[in-house]
Amino acid sequence: MEQKMVNLTINGLPVSVSAGTTVLEAARSAGIKIPSLCFLKDANEIGACRICVVEVKGAKSLVASCVYPVSEGMEVFTNTEKVRKSRQLTLELILSNHRMDCLTCARSGKCELQQLAAELGIDAVRFAADSLPPQIEDSAAHLVRDNSKCVLCRRCTAVCRKAQEVGVIGCNDRGFDTHIGCAFDRDLAEVDCVSCGQCIVACPTGALQEKDDTDKVWAALADPAKHVVVGPAPSVRVTLGECFGMPVGTNVEGKMVTALKRLGFDKVFDVDNAADFTIMEEGTEFLSRLQSGGALPMITSCSPGWIRYCEQHHPDMLDNLSTCKSPQQMFGSLVKTYYAEKMGIDPKDIFVVSIMPCTAKKYEVAREEMRQHGWLPVDVSLTTRELGRMITRAGLLFDHLPDGEFDEMLGLSTGASVIFGATGGVMEAALRTVVEVVTNGEMKPLEFTEVRGTEGIKEASYELPGRTVRVCVCSGLSNAKKVLDGVKAGKLHYDFIEIMACPGGCVNGGGQPIQHADVRNWVDLKALRAKALYTQDEGMTLRKSHENPILQQVYREYLGEPGGHKAHEILHTHYIPQQRYRTE
(Lines give C-alpha, C1' and ligand atoms only; values in the text may rest on other atoms or scores of the structure.)
Protein backbone atom coordinates (compact mmCIF):
# COMPACT_ATOMS: atom_id res chain seq x y z
CA MET A 1 0.00 0.00 0.00
CA GLU A 2 1.35 3.39 -1.02
CA GLN A 3 2.53 5.53 1.88
CA LYS A 4 0.75 8.87 2.19
CA MET A 5 3.15 11.80 2.04
CA VAL A 6 2.86 15.07 3.94
CA ASN A 7 4.26 18.38 2.68
CA LEU A 8 5.44 21.08 5.07
CA THR A 9 8.11 23.74 5.41
CA ILE A 10 10.84 23.89 8.04
CA ASN A 11 12.60 27.24 8.31
CA GLY A 12 11.16 28.02 4.88
CA LEU A 13 12.58 24.84 3.33
CA PRO A 14 10.03 22.57 1.58
CA VAL A 15 10.02 19.09 3.12
CA SER A 16 8.02 15.98 2.18
CA VAL A 17 7.81 13.07 4.64
CA SER A 18 5.59 10.09 5.41
CA ALA A 19 2.42 10.67 7.38
CA GLY A 20 2.98 10.02 11.09
CA THR A 21 6.52 11.40 11.04
CA THR A 22 7.37 13.70 13.93
CA VAL A 23 8.68 17.22 13.44
CA LEU A 24 12.01 16.10 14.92
CA GLU A 25 12.36 13.33 12.34
CA ALA A 26 11.21 15.58 9.51
CA ALA A 27 13.81 18.19 10.42
CA ARG A 28 16.49 15.53 10.56
CA SER A 29 15.59 14.33 7.08
CA ALA A 30 16.07 17.92 5.88
CA GLY A 31 19.49 18.20 7.45
CA ILE A 32 18.34 20.25 10.43
CA LYS A 33 19.29 19.19 13.95
CA ILE A 34 16.86 19.95 16.74
CA PRO A 35 18.54 19.47 20.15
CA SER A 36 16.92 16.98 22.52
CA LEU A 37 17.61 15.39 25.88
CA CYS A 38 14.93 12.96 27.02
CA PHE A 39 14.21 11.56 23.55
CA LEU A 40 15.44 8.05 22.78
CA LYS A 41 13.96 6.60 19.62
CA ASP A 42 11.62 3.63 20.12
CA ALA A 43 12.26 3.74 23.86
CA ASN A 44 11.55 7.12 25.45
CA GLU A 45 9.31 9.34 23.33
CA ILE A 46 7.55 11.38 26.01
CA GLY A 47 8.28 15.05 25.25
CA ALA A 48 9.18 15.71 28.87
CA CYS A 49 12.37 17.77 28.85
CA ARG A 50 11.15 20.52 26.46
CA ILE A 51 14.61 21.05 25.01
CA CYS A 52 13.39 20.09 21.54
CA VAL A 53 10.66 22.73 21.34
CA VAL A 54 9.96 24.51 18.05
CA GLU A 55 7.52 27.10 16.77
CA VAL A 56 4.63 25.89 14.62
CA LYS A 57 2.60 28.57 12.87
CA GLY A 58 -0.87 28.69 14.38
CA ALA A 59 0.02 26.72 17.53
CA LYS A 60 -0.79 28.42 20.84
CA SER A 61 2.63 27.65 22.32
CA LEU A 62 5.93 26.03 21.50
CA VAL A 63 5.60 22.29 20.82
CA ALA A 64 7.86 19.35 21.65
CA SER A 65 9.13 18.26 18.23
CA CYS A 66 9.96 14.70 19.34
CA VAL A 67 6.26 13.82 19.76
CA TYR A 68 4.49 16.37 17.55
CA PRO A 69 3.37 14.85 14.22
CA VAL A 70 3.64 16.70 10.94
CA SER A 71 0.55 17.82 9.05
CA GLU A 72 -0.12 19.04 5.53
CA GLY A 73 0.96 22.64 5.00
CA MET A 74 2.57 22.94 8.44
CA GLU A 75 5.11 25.74 8.87
CA VAL A 76 7.85 24.98 11.42
CA PHE A 77 10.57 27.27 12.76
CA THR A 78 13.42 25.70 14.72
CA ASN A 79 15.77 28.60 15.37
CA THR A 80 13.77 31.71 16.26
CA GLU A 81 14.70 33.94 19.19
CA LYS A 82 11.68 32.64 21.10
CA VAL A 83 12.79 29.06 20.58
CA ARG A 84 16.41 29.77 21.54
CA LYS A 85 15.47 31.61 24.73
CA SER A 86 13.04 28.87 25.76
CA ARG A 87 15.65 26.16 25.30
CA GLN A 88 18.27 28.15 27.19
CA LEU A 89 15.96 28.82 30.13
CA THR A 90 14.85 25.19 30.27
CA LEU A 91 18.45 24.00 30.26
CA GLU A 92 19.40 26.49 32.98
CA LEU A 93 16.58 25.17 35.16
CA ILE A 94 17.73 21.60 34.57
CA LEU A 95 21.29 22.59 35.48
CA SER A 96 20.04 24.27 38.66
CA ASN A 97 19.41 20.84 40.13
CA HIS A 98 22.51 19.14 38.72
CA ARG A 99 25.82 18.72 40.54
CA MET A 100 28.36 20.12 38.12
CA ASP A 101 31.72 18.59 38.97
CA CYS A 102 32.38 18.16 35.27
CA LEU A 103 36.17 18.03 35.47
CA THR A 104 36.12 14.91 37.64
CA CYS A 105 32.99 13.28 36.21
CA ALA A 106 33.38 9.95 34.40
CA ARG A 107 31.24 11.29 31.55
CA SER A 108 33.19 14.52 31.03
CA GLY A 109 33.57 15.04 27.29
CA LYS A 110 30.87 12.48 26.55
CA CYS A 111 28.05 14.10 28.51
CA GLU A 112 24.97 15.14 26.53
CA LEU A 113 24.13 17.84 29.07
CA GLN A 114 27.61 19.29 28.75
CA GLN A 115 27.32 19.28 24.96
CA LEU A 116 23.88 20.89 25.07
CA ALA A 117 25.20 23.71 27.25
CA ALA A 118 27.89 24.41 24.66
CA GLU A 119 25.48 24.18 21.71
CA LEU A 120 22.86 26.44 23.31
CA GLY A 121 25.41 29.03 24.42
CA ILE A 122 25.05 28.61 28.19
CA ASP A 123 28.12 30.44 29.53
CA ALA A 124 26.76 30.93 33.06
CA VAL A 125 24.14 29.26 35.23
CA ARG A 126 22.09 31.82 37.12
CA PHE A 127 20.41 29.26 39.38
CA ALA A 128 23.32 26.93 40.11
CA ALA A 129 23.08 24.72 43.20
CA ASP A 130 26.75 24.90 44.20
CA SER A 131 26.28 22.99 47.45
CA LEU A 132 24.38 20.02 46.01
CA PRO A 133 25.95 16.93 47.67
CA PRO A 134 26.59 13.58 45.93
CA GLN A 135 23.79 11.02 46.26
CA ILE A 136 25.67 7.76 45.76
CA GLU A 137 24.06 4.32 45.65
CA ASP A 138 26.61 1.59 44.85
CA SER A 139 25.14 -1.58 46.33
CA ALA A 140 25.07 -3.50 43.01
CA ALA A 141 28.09 -5.34 41.68
CA HIS A 142 28.15 -3.49 38.39
CA LEU A 143 26.86 0.05 38.81
CA VAL A 144 27.20 3.33 40.70
CA ARG A 145 24.24 5.73 40.71
CA ASP A 146 24.57 9.39 41.65
CA ASN A 147 21.16 11.06 41.63
CA SER A 148 22.74 14.47 42.13
CA LYS A 149 23.62 14.27 38.42
CA CYS A 150 20.26 12.92 37.28
CA VAL A 151 18.19 15.16 34.99
CA LEU A 152 15.00 13.04 35.25
CA CYS A 153 14.97 12.32 31.51
CA ARG A 154 13.57 8.86 32.32
CA ARG A 155 15.59 7.18 29.56
CA CYS A 156 16.96 4.65 32.06
CA THR A 157 13.50 3.71 33.33
CA ALA A 158 12.22 3.34 29.77
CA VAL A 159 14.87 0.86 28.65
CA CYS A 160 14.65 -1.06 31.94
CA ARG A 161 10.90 -1.44 31.51
CA LYS A 162 10.39 -1.68 27.74
CA ALA A 163 13.52 -3.35 26.41
CA GLN A 164 14.42 -5.47 29.41
CA GLU A 165 11.04 -6.26 31.00
CA VAL A 166 12.64 -5.76 34.41
CA GLY A 167 11.36 -2.35 35.46
CA VAL A 168 13.15 -2.14 38.79
CA ILE A 169 13.64 1.63 38.62
CA GLY A 170 11.17 4.47 38.25
CA CYS A 171 10.24 7.94 39.48
CA ASN A 172 9.69 8.21 43.23
CA ASP A 173 8.04 11.15 45.04
CA ARG A 174 6.75 14.31 43.39
CA GLY A 175 7.75 17.92 42.67
CA PHE A 176 11.23 18.98 43.74
CA ASP A 177 11.61 15.66 45.57
CA THR A 178 11.17 13.58 42.39
CA HIS A 179 14.05 11.16 41.90
CA ILE A 180 14.86 7.89 40.15
CA GLY A 181 15.02 4.87 42.41
CA CYS A 182 13.72 1.42 43.18
CA ALA A 183 10.36 0.80 44.81
CA PHE A 184 10.34 2.06 48.41
CA ASP A 185 13.84 3.45 47.70
CA ARG A 186 15.42 0.05 48.20
CA ASP A 187 19.01 -0.45 47.12
CA LEU A 188 19.55 -1.87 43.64
CA ALA A 189 21.14 -4.99 45.14
CA GLU A 190 17.88 -5.72 46.96
CA VAL A 191 15.69 -5.94 43.85
CA ASP A 192 15.74 -8.09 40.72
CA CYS A 193 18.11 -5.96 38.63
CA VAL A 194 19.93 -8.24 36.16
CA SER A 195 23.05 -6.01 35.88
CA CYS A 196 22.67 -5.63 32.11
CA GLY A 197 23.81 -1.99 32.14
CA GLN A 198 21.39 -0.84 29.42
CA CYS A 199 20.42 2.02 31.74
CA ILE A 200 24.06 3.20 31.73
CA VAL A 201 24.39 3.48 27.95
CA ALA A 202 20.97 5.19 27.82
CA CYS A 203 21.84 7.80 30.48
CA PRO A 204 22.82 11.20 29.03
CA THR A 205 24.91 12.27 32.06
CA GLY A 206 27.18 10.84 34.74
CA ALA A 207 24.26 9.81 36.94
CA LEU A 208 24.88 6.17 36.01
CA GLN A 209 28.25 4.53 35.42
CA GLU A 210 29.81 1.12 35.72
CA LYS A 211 31.90 0.34 38.79
CA ASP A 212 35.46 1.10 37.80
CA ASP A 213 37.73 -1.85 38.61
CA THR A 214 40.80 -0.58 36.78
CA ASP A 215 42.66 0.15 40.04
CA LYS A 216 42.53 -3.59 40.84
CA VAL A 217 44.11 -4.34 37.48
CA TRP A 218 46.79 -1.66 37.83
CA ALA A 219 47.66 -3.13 41.25
CA ALA A 220 47.93 -6.66 39.83
CA LEU A 221 50.12 -5.46 36.97
CA ALA A 222 52.44 -3.81 39.51
CA ASP A 223 52.63 -6.94 41.70
CA PRO A 224 55.70 -9.04 40.76
CA ALA A 225 54.12 -12.07 42.46
CA LYS A 226 51.17 -12.05 40.08
CA HIS A 227 51.12 -13.57 36.58
CA VAL A 228 48.49 -11.38 34.90
CA VAL A 229 46.57 -12.78 31.94
CA VAL A 230 44.00 -10.86 29.89
CA GLY A 231 41.44 -11.85 27.28
CA PRO A 232 38.97 -9.66 25.31
CA ALA A 233 35.51 -10.82 24.25
CA PRO A 234 34.59 -11.18 20.56
CA SER A 235 32.67 -7.91 20.23
CA VAL A 236 35.27 -5.70 21.94
CA ARG A 237 37.50 -5.66 18.85
CA VAL A 238 34.79 -3.89 16.82
CA THR A 239 33.77 -1.36 19.48
CA LEU A 240 36.95 -0.35 21.32
CA GLY A 241 37.91 2.02 18.49
CA GLU A 242 34.85 4.16 19.28
CA CYS A 243 36.53 5.14 22.55
CA PHE A 244 39.16 6.88 20.41
CA GLY A 245 36.90 8.54 17.85
CA MET A 246 37.07 5.84 15.20
CA PRO A 247 34.01 5.12 13.03
CA VAL A 248 31.40 2.73 14.39
CA GLY A 249 32.22 -0.82 13.28
CA THR A 250 35.98 -0.36 12.94
CA ASN A 251 37.80 -3.61 13.71
CA VAL A 252 40.81 -2.78 15.90
CA GLU A 253 41.85 -6.28 16.94
CA GLY A 254 45.55 -5.80 16.16
CA LYS A 255 45.83 -2.42 17.89
CA MET A 256 43.90 -3.78 20.87
CA VAL A 257 46.35 -6.65 21.28
CA THR A 258 49.33 -4.29 21.08
CA ALA A 259 47.74 -1.95 23.62
CA LEU A 260 47.15 -4.81 26.06
CA LYS A 261 50.76 -5.95 25.75
CA ARG A 262 52.07 -2.44 26.28
CA LEU A 263 49.92 -2.09 29.38
CA GLY A 264 52.07 -4.86 30.84
CA PHE A 265 49.94 -8.02 30.78
CA ASP A 266 52.07 -11.16 30.91
CA LYS A 267 49.88 -12.99 28.39
CA VAL A 268 47.28 -11.66 25.99
CA PHE A 269 44.91 -14.46 25.04
CA ASP A 270 41.55 -14.34 23.29
CA VAL A 271 38.16 -15.14 24.81
CA ASP A 272 37.18 -16.10 21.24
CA ASN A 273 39.24 -19.24 21.87
CA ALA A 274 37.04 -20.05 24.86
CA ALA A 275 33.97 -19.39 22.70
CA ASP A 276 35.10 -22.24 20.47
CA PHE A 277 35.20 -24.49 23.55
CA THR A 278 31.71 -23.24 24.41
CA ILE A 279 30.45 -24.45 21.05
CA MET A 280 32.05 -27.86 21.46
CA GLU A 281 30.51 -28.34 24.90
CA GLU A 282 27.17 -26.74 24.10
CA GLY A 283 26.85 -28.55 20.79
CA THR A 284 27.67 -31.88 22.44
CA GLU A 285 25.14 -31.16 25.17
CA PHE A 286 22.45 -30.28 22.64
CA LEU A 287 23.00 -33.45 20.61
CA SER A 288 22.91 -35.51 23.81
CA ARG A 289 19.58 -33.97 24.81
CA LEU A 290 18.20 -34.36 21.31
CA GLN A 291 19.16 -38.02 21.09
CA SER A 292 18.69 -39.10 24.71
CA GLY A 293 15.56 -37.20 25.69
CA GLY A 294 17.00 -34.40 27.84
CA ALA A 295 15.16 -31.19 28.67
CA LEU A 296 14.19 -29.31 25.51
CA PRO A 297 14.28 -26.66 24.34
CA MET A 298 17.87 -26.23 25.41
CA ILE A 299 18.67 -22.57 26.08
CA THR A 300 22.11 -20.97 25.82
CA SER A 301 23.91 -19.78 28.96
CA CYS A 302 26.43 -17.25 27.60
CA SER A 303 24.65 -14.14 28.85
CA PRO A 304 24.83 -13.64 32.65
CA GLY A 305 22.10 -10.99 32.56
CA TRP A 306 19.77 -13.50 30.93
CA ILE A 307 20.81 -16.21 33.38
CA ARG A 308 19.99 -14.00 36.35
CA TYR A 309 16.64 -13.07 34.80
CA CYS A 310 15.83 -16.75 34.30
CA GLU A 311 16.83 -17.63 37.88
CA GLN A 312 14.56 -14.89 39.22
CA HIS A 313 11.60 -14.92 36.85
CA HIS A 314 11.57 -18.41 35.29
CA PRO A 315 13.15 -20.78 37.84
CA ASP A 316 10.93 -23.56 36.48
CA MET A 317 13.03 -23.48 33.29
CA LEU A 318 16.48 -23.83 34.83
CA ASP A 319 16.67 -27.44 33.64
CA ASN A 320 16.41 -26.10 30.10
CA LEU A 321 19.55 -23.98 30.49
CA SER A 322 22.77 -25.33 29.08
CA THR A 323 25.13 -26.21 31.91
CA CYS A 324 28.03 -24.69 29.98
CA LYS A 325 29.85 -21.79 31.56
CA SER A 326 29.93 -18.57 29.56
CA PRO A 327 33.02 -18.01 27.35
CA GLN A 328 34.36 -15.59 29.99
CA GLN A 329 34.22 -18.24 32.70
CA MET A 330 35.55 -20.99 30.42
CA PHE A 331 38.44 -18.69 29.56
CA GLY A 332 39.36 -18.19 33.21
CA SER A 333 38.94 -21.88 33.98
CA LEU A 334 41.23 -22.94 31.12
CA VAL A 335 43.85 -20.36 32.11
CA LYS A 336 43.91 -21.55 35.73
CA THR A 337 43.92 -25.27 34.85
CA TYR A 338 45.38 -26.17 31.46
CA TYR A 339 47.60 -23.12 31.05
CA ALA A 340 48.68 -23.11 34.71
CA GLU A 341 49.67 -26.77 34.51
CA LYS A 342 51.54 -26.28 31.23
CA MET A 343 53.50 -23.32 32.60
CA GLY A 344 53.99 -24.75 36.09
CA ILE A 345 52.28 -21.80 37.79
CA ASP A 346 50.09 -22.08 40.89
CA PRO A 347 46.58 -20.97 39.86
CA LYS A 348 46.45 -18.78 42.97
CA ASP A 349 49.32 -16.74 41.52
CA ILE A 350 47.50 -16.14 38.23
CA PHE A 351 45.37 -13.01 37.97
CA VAL A 352 42.84 -13.27 35.13
CA VAL A 353 41.30 -10.16 33.60
CA SER A 354 38.54 -10.25 31.01
CA ILE A 355 37.54 -7.37 28.74
CA MET A 356 33.80 -7.57 28.22
CA PRO A 357 31.02 -5.65 26.48
CA CYS A 358 28.84 -6.44 29.45
CA THR A 359 28.42 -5.02 32.95
CA ALA A 360 26.68 -8.23 34.07
CA LYS A 361 30.05 -9.98 33.76
CA LYS A 362 31.10 -8.06 36.89
CA TYR A 363 28.31 -9.86 38.70
CA GLU A 364 29.14 -13.20 37.08
CA VAL A 365 32.80 -13.29 38.15
CA ALA A 366 31.79 -13.32 41.81
CA ARG A 367 29.26 -16.16 41.55
CA GLU A 368 30.19 -18.89 44.03
CA GLU A 369 28.86 -21.53 41.61
CA MET A 370 31.96 -20.85 39.52
CA ARG A 371 34.49 -21.52 42.29
CA GLN A 372 36.97 -24.35 41.72
CA HIS A 373 39.61 -25.58 44.16
CA GLY A 374 39.40 -22.36 46.17
CA TRP A 375 39.71 -19.93 43.26
CA LEU A 376 37.30 -18.15 40.96
CA PRO A 377 38.05 -18.42 37.21
CA VAL A 378 38.15 -14.65 36.54
CA ASP A 379 39.48 -12.12 39.03
CA VAL A 380 38.32 -8.88 37.38
CA SER A 381 36.01 -8.14 34.48
CA LEU A 382 36.50 -4.79 32.79
CA THR A 383 34.12 -3.20 30.32
CA THR A 384 35.20 -1.93 26.92
CA ARG A 385 34.98 1.59 28.36
CA GLU A 386 37.30 0.76 31.26
CA LEU A 387 39.92 -0.64 28.89
CA GLY A 388 39.64 2.55 26.85
CA ARG A 389 40.35 4.60 29.97
CA MET A 390 43.35 2.43 30.87
CA ILE A 391 44.83 2.89 27.40
CA THR A 392 44.35 6.66 27.63
CA ARG A 393 45.83 6.90 31.13
CA ALA A 394 48.87 4.89 30.01
CA GLY A 395 49.55 7.52 27.35
CA LEU A 396 49.15 5.09 24.47
CA LEU A 397 48.25 6.73 21.15
CA PHE A 398 45.80 4.04 20.15
CA ASP A 399 45.34 5.01 16.51
CA HIS A 400 49.12 5.01 16.01
CA LEU A 401 49.72 1.54 17.47
CA PRO A 402 50.95 -1.26 15.18
CA ASP A 403 48.91 -4.43 14.88
CA GLY A 404 49.89 -7.21 17.26
CA GLU A 405 48.94 -10.88 17.55
CA PHE A 406 47.48 -12.85 20.44
CA ASP A 407 49.82 -15.10 22.38
CA GLU A 408 49.82 -18.79 21.51
CA MET A 409 48.18 -21.60 23.49
CA LEU A 410 44.84 -19.87 24.13
CA GLY A 411 44.99 -17.19 21.47
CA LEU A 412 43.82 -18.95 18.30
CA SER A 413 40.14 -18.84 17.37
CA THR A 414 37.76 -19.39 14.45
CA GLY A 415 35.18 -17.31 12.64
CA ALA A 416 32.47 -19.15 14.53
CA SER A 417 33.66 -17.63 17.79
CA VAL A 418 34.05 -14.15 16.31
CA ILE A 419 30.34 -13.88 15.52
CA PHE A 420 29.43 -14.66 19.15
CA GLY A 421 29.25 -10.90 19.65
CA ALA A 422 26.13 -10.49 17.48
CA THR A 423 22.66 -11.78 18.24
CA GLY A 424 22.32 -15.12 16.45
CA GLY A 425 26.07 -15.66 16.44
CA VAL A 426 26.07 -18.34 19.13
CA MET A 427 23.28 -20.20 17.35
CA GLU A 428 25.02 -20.03 13.98
CA ALA A 429 28.34 -21.11 15.46
CA ALA A 430 26.66 -24.07 17.17
CA LEU A 431 24.83 -25.08 13.98
CA ARG A 432 28.05 -25.02 11.95
CA THR A 433 29.47 -27.69 14.24
CA VAL A 434 26.31 -29.65 15.12
CA VAL A 435 25.18 -30.07 11.51
CA GLU A 436 28.62 -31.17 10.37
CA VAL A 437 28.97 -33.64 13.24
CA VAL A 438 25.52 -35.14 12.62
CA THR A 439 25.86 -35.37 8.83
CA ASN A 440 29.53 -36.40 9.02
CA GLY A 441 30.26 -34.18 6.08
CA GLU A 442 31.41 -30.69 5.19
CA MET A 443 28.68 -28.08 5.14
CA LYS A 444 28.02 -25.83 2.17
CA PRO A 445 27.03 -23.06 2.37
CA LEU A 446 28.51 -22.34 5.77
CA GLU A 447 26.33 -19.38 6.72
CA PHE A 448 23.00 -19.73 8.54
CA THR A 449 21.60 -16.37 7.46
CA GLU A 450 18.13 -17.04 8.88
CA VAL A 451 19.38 -16.40 12.41
CA ARG A 452 21.27 -13.23 11.48
CA GLY A 453 20.03 -9.67 11.79
CA THR A 454 19.08 -7.32 14.59
CA GLU A 455 15.42 -8.32 14.89
CA GLY A 456 14.39 -9.09 18.44
CA ILE A 457 13.06 -12.59 17.66
CA LYS A 458 14.15 -14.84 14.78
CA GLU A 459 13.04 -18.40 14.00
CA ALA A 460 14.30 -21.10 11.66
CA SER A 461 14.02 -24.83 10.99
CA TYR A 462 16.78 -27.12 9.73
CA GLU A 463 16.60 -30.67 8.49
CA LEU A 464 18.97 -33.11 10.17
CA PRO A 465 19.01 -36.86 9.46
CA GLY A 466 15.75 -38.18 10.89
CA ARG A 467 14.71 -34.92 12.55
CA THR A 468 13.69 -31.32 11.95
CA VAL A 469 15.45 -29.00 14.39
CA ARG A 470 13.55 -25.83 15.25
CA VAL A 471 15.59 -22.93 16.60
CA CYS A 472 14.88 -19.47 17.95
CA VAL A 473 17.14 -16.49 18.56
CA CYS A 474 16.05 -13.57 20.71
CA SER A 475 17.77 -10.58 22.28
CA GLY A 476 16.45 -8.16 24.86
CA LEU A 477 14.70 -9.58 27.89
CA SER A 478 11.28 -8.31 26.80
CA ASN A 479 11.63 -10.62 23.79
CA ALA A 480 12.91 -13.43 26.02
CA LYS A 481 9.73 -13.14 28.07
CA LYS A 482 7.57 -13.39 24.95
CA VAL A 483 9.40 -16.50 23.80
CA LEU A 484 9.38 -18.23 27.18
CA ASP A 485 5.72 -17.41 27.79
CA GLY A 486 4.92 -18.88 24.39
CA VAL A 487 6.92 -22.04 25.11
CA LYS A 488 5.25 -22.52 28.49
CA ALA A 489 1.80 -22.00 26.98
CA GLY A 490 2.49 -24.61 24.32
CA LYS A 491 2.14 -22.06 21.53
CA LEU A 492 5.83 -22.04 20.51
CA HIS A 493 7.86 -25.16 19.86
CA TYR A 494 11.64 -25.10 19.64
CA ASP A 495 14.56 -27.45 20.22
CA PHE A 496 17.29 -24.85 20.74
CA ILE A 497 16.99 -21.20 21.86
CA GLU A 498 19.68 -18.53 22.00
CA ILE A 499 18.92 -15.68 24.41
CA MET A 500 21.01 -12.57 24.92
CA ALA A 501 20.01 -10.04 27.57
CA CYS A 502 20.99 -6.97 25.58
CA PRO A 503 19.03 -5.97 22.45
CA GLY A 504 21.20 -6.88 19.46
CA GLY A 505 23.52 -9.04 21.55
CA CYS A 506 26.94 -8.23 22.95
CA VAL A 507 27.71 -5.58 20.33
CA ASN A 508 25.08 -3.51 22.14
CA GLY A 509 26.11 -4.50 25.66
CA GLY A 510 25.88 -2.23 28.67
CA GLY A 511 29.67 -1.99 28.86
CA GLN A 512 30.22 -0.76 25.31
CA PRO A 513 31.39 2.77 24.43
CA ILE A 514 28.90 5.52 25.20
CA GLN A 515 27.29 7.03 22.12
CA HIS A 516 25.32 10.28 22.18
CA ALA A 517 21.56 9.88 21.71
CA ASP A 518 21.96 11.86 18.50
CA VAL A 519 23.92 8.85 17.22
CA ARG A 520 21.80 6.17 18.88
CA ASN A 521 18.59 7.65 17.45
CA TRP A 522 19.70 7.79 13.83
CA VAL A 523 22.50 5.23 13.40
CA ASP A 524 21.98 1.47 13.67
CA LEU A 525 24.87 0.78 16.05
CA LYS A 526 23.94 -2.88 16.41
CA ALA A 527 23.98 -3.54 12.68
CA LEU A 528 27.25 -1.70 11.99
CA ARG A 529 29.08 -3.42 14.83
CA ALA A 530 27.69 -6.84 13.91
CA LYS A 531 28.62 -6.35 10.26
CA ALA A 532 32.26 -5.91 11.27
CA LEU A 533 32.19 -9.27 13.08
CA TYR A 534 30.63 -11.09 10.12
CA THR A 535 33.18 -9.48 7.81
CA GLN A 536 36.04 -10.79 9.96
CA ASP A 537 34.45 -14.25 10.02
CA GLU A 538 34.18 -14.31 6.22
CA GLY A 539 37.88 -13.54 5.85
CA MET A 540 39.13 -16.27 8.19
CA THR A 541 40.52 -19.63 7.12
CA LEU A 542 39.07 -21.48 10.10
CA ARG A 543 35.34 -20.82 10.44
CA LYS A 544 34.07 -23.79 12.49
CA SER A 545 34.88 -24.26 16.15
CA HIS A 546 35.79 -27.93 15.88
CA GLU A 547 38.50 -27.02 13.33
CA ASN A 548 40.47 -25.00 15.89
CA PRO A 549 43.82 -26.84 16.25
CA ILE A 550 44.47 -25.42 19.73
CA LEU A 551 41.07 -26.66 20.85
CA GLN A 552 41.78 -30.08 19.39
CA GLN A 553 45.11 -30.19 21.21
CA VAL A 554 43.60 -29.23 24.58
CA TYR A 555 40.94 -31.92 24.30
CA ARG A 556 43.51 -34.48 23.19
CA GLU A 557 46.10 -33.67 25.87
CA TYR A 558 43.98 -32.53 28.78
CA LEU A 559 40.18 -32.48 28.66
CA GLY A 560 39.40 -35.72 26.89
CA GLU A 561 36.14 -35.90 24.96
CA PRO A 562 33.75 -32.93 24.70
CA GLY A 563 31.15 -33.40 27.39
CA GLY A 564 33.39 -35.88 29.21
CA HIS A 565 34.06 -35.99 32.94
CA LYS A 566 37.05 -33.63 33.04
CA ALA A 567 35.54 -31.22 30.52
CA HIS A 568 32.36 -31.14 32.57
CA GLU A 569 34.28 -30.47 35.78
CA ILE A 570 36.18 -27.53 34.30
CA LEU A 571 33.81 -26.03 31.72
CA HIS A 572 30.34 -26.58 33.17
CA THR A 573 28.42 -25.23 36.16
CA HIS A 574 24.90 -25.11 37.57
CA TYR A 575 22.30 -22.43 38.17
CA ILE A 576 19.97 -21.91 41.09
CA PRO A 577 16.63 -20.17 41.73
CA GLN A 578 17.13 -16.69 43.17
CA GLN A 579 14.88 -14.38 45.15
CA ARG A 580 13.57 -11.43 43.20
CA TYR A 581 13.69 -9.26 46.31
CA ARG A 582 16.02 -9.53 49.26
CA THR A 583 14.02 -10.13 52.42
CA GLU A 584 16.60 -10.30 55.19
# chains A, B, ... in the order shown; residues from 1 in each chain; ligands from 1

$ residues_around --residues "A:Glu55" --least-positions-apart "6" --cutoff "6 Å" --atoms "only C-alpha atoms" --output "PyMOL selection string"
chain A and resi 62+76-77

$ write_last_selection --atoms "C-alpha atoms" --output "PDB file, in the first residue's frame"
ATOM      1  CA  LEU A  62       5.929  26.027  21.499  1.00  0.00           C
ATOM      2  CA  VAL A  76       7.854  24.979  11.416  1.00  0.00           C
ATOM      3  CA  PHE A  77      10.567  27.271  12.762  1.00  0.00           C
TER       4      PHE A  77
END

$ closest_atom_pairs --of "stretch 5-78 of chain A" --to "stretch 197-220 of chain A" --cutoff "9 Å" --atoms "only C-alpha atoms" --output "Markdown table"
| residue | atom | partner | partner_atom | distance |
| --- | --- | --- | --- | --- |
| A:Leu37 | CA | A:Pro204 | CA | 7.4 |
| A:Cys38 | CA | A:Pro204 | CA | 8.3 |
| A:Leu40 | CA | A:Ala202 | CA | 8.0 |

$ write_last_selection --atoms "N, CA and C atoms" --output "mmCIF file, in the first residue's frame"
data_model
loop_
_atom_site.group_PDB
_atom_site.id
_atom_site.type_symbol
_atom_site.label_atom_id
_atom_site.label_comp_id
_atom_site.auth_asym_id
_atom_site.auth_seq_id
_atom_site.Cartn_x
_atom_site.Cartn_y
_atom_site.Cartn_z
ATOM 1 N N LEU A 37 16.967 15.968 24.698
ATOM 2 C CA LEU A 37 17.610 15.391 25.881
ATOM 3 C C LEU A 37 16.926 14.109 26.325
ATOM 4 N N CYS A 38 15.617 14.159 26.527
ATOM 5 C CA CYS A 38 14.933 12.958 27.022
ATOM 6 C C CYS A 38 14.632 11.965 25.911
ATOM 7 N N LEU A 40 14.684 9.212 23.209
ATOM 8 C CA LEU A 40 15.445 8.046 22.782
ATOM 9 C C LEU A 40 14.523 7.243 21.891
#

$ select_by_dssp --residues "stretch 126-322 of chain A" --states "helix (DSSP H, G or I)" --output "VMD selection string"
chain A and resid 147 to 149 155 to 163 175 to 177 183 to 185 188 to 190 198 to 202 214 to 221 234 to 238 240 to 244 253 to 263 271 to 292 304 to 313 315 to 320

$ select_by_dssp --residues "stretch 273-400 of chain A" --states "strand (DSSP E or B)" --output "JSON, numbers by chain"
{"A": [298, 299, 321, 324, 350, 351, 352, 353, 354, 355, 356, 372, 375, 380, 381, 382, 383]}

$ atom_distance --atom1 "atom CA of A:Phe331" --atom2 "atom CA of A:Gly374"
17.0 Å

$ closest_residue --among "A:Cys102, A:Cys196, A:Ala275, A:Ile136" --to "A:Cys156" --atoms "only C-alpha atoms"
A:Cys196

$ residues_around --residues "A:Thr573" --least-positions-apart "2" --cutoff "10 Å" --atoms "only C-alpha atoms" --output "ChimeraX atom specification"
/A:322-326,329,369-371,568-571,575

$ residues_around --residues "A:Val151" --least-positions-apart "4" --cutoff "8 Å" --atoms "only C-alpha atoms" --output "list in words"
Ile94, Asn97, His98 and Thr205 of chain A
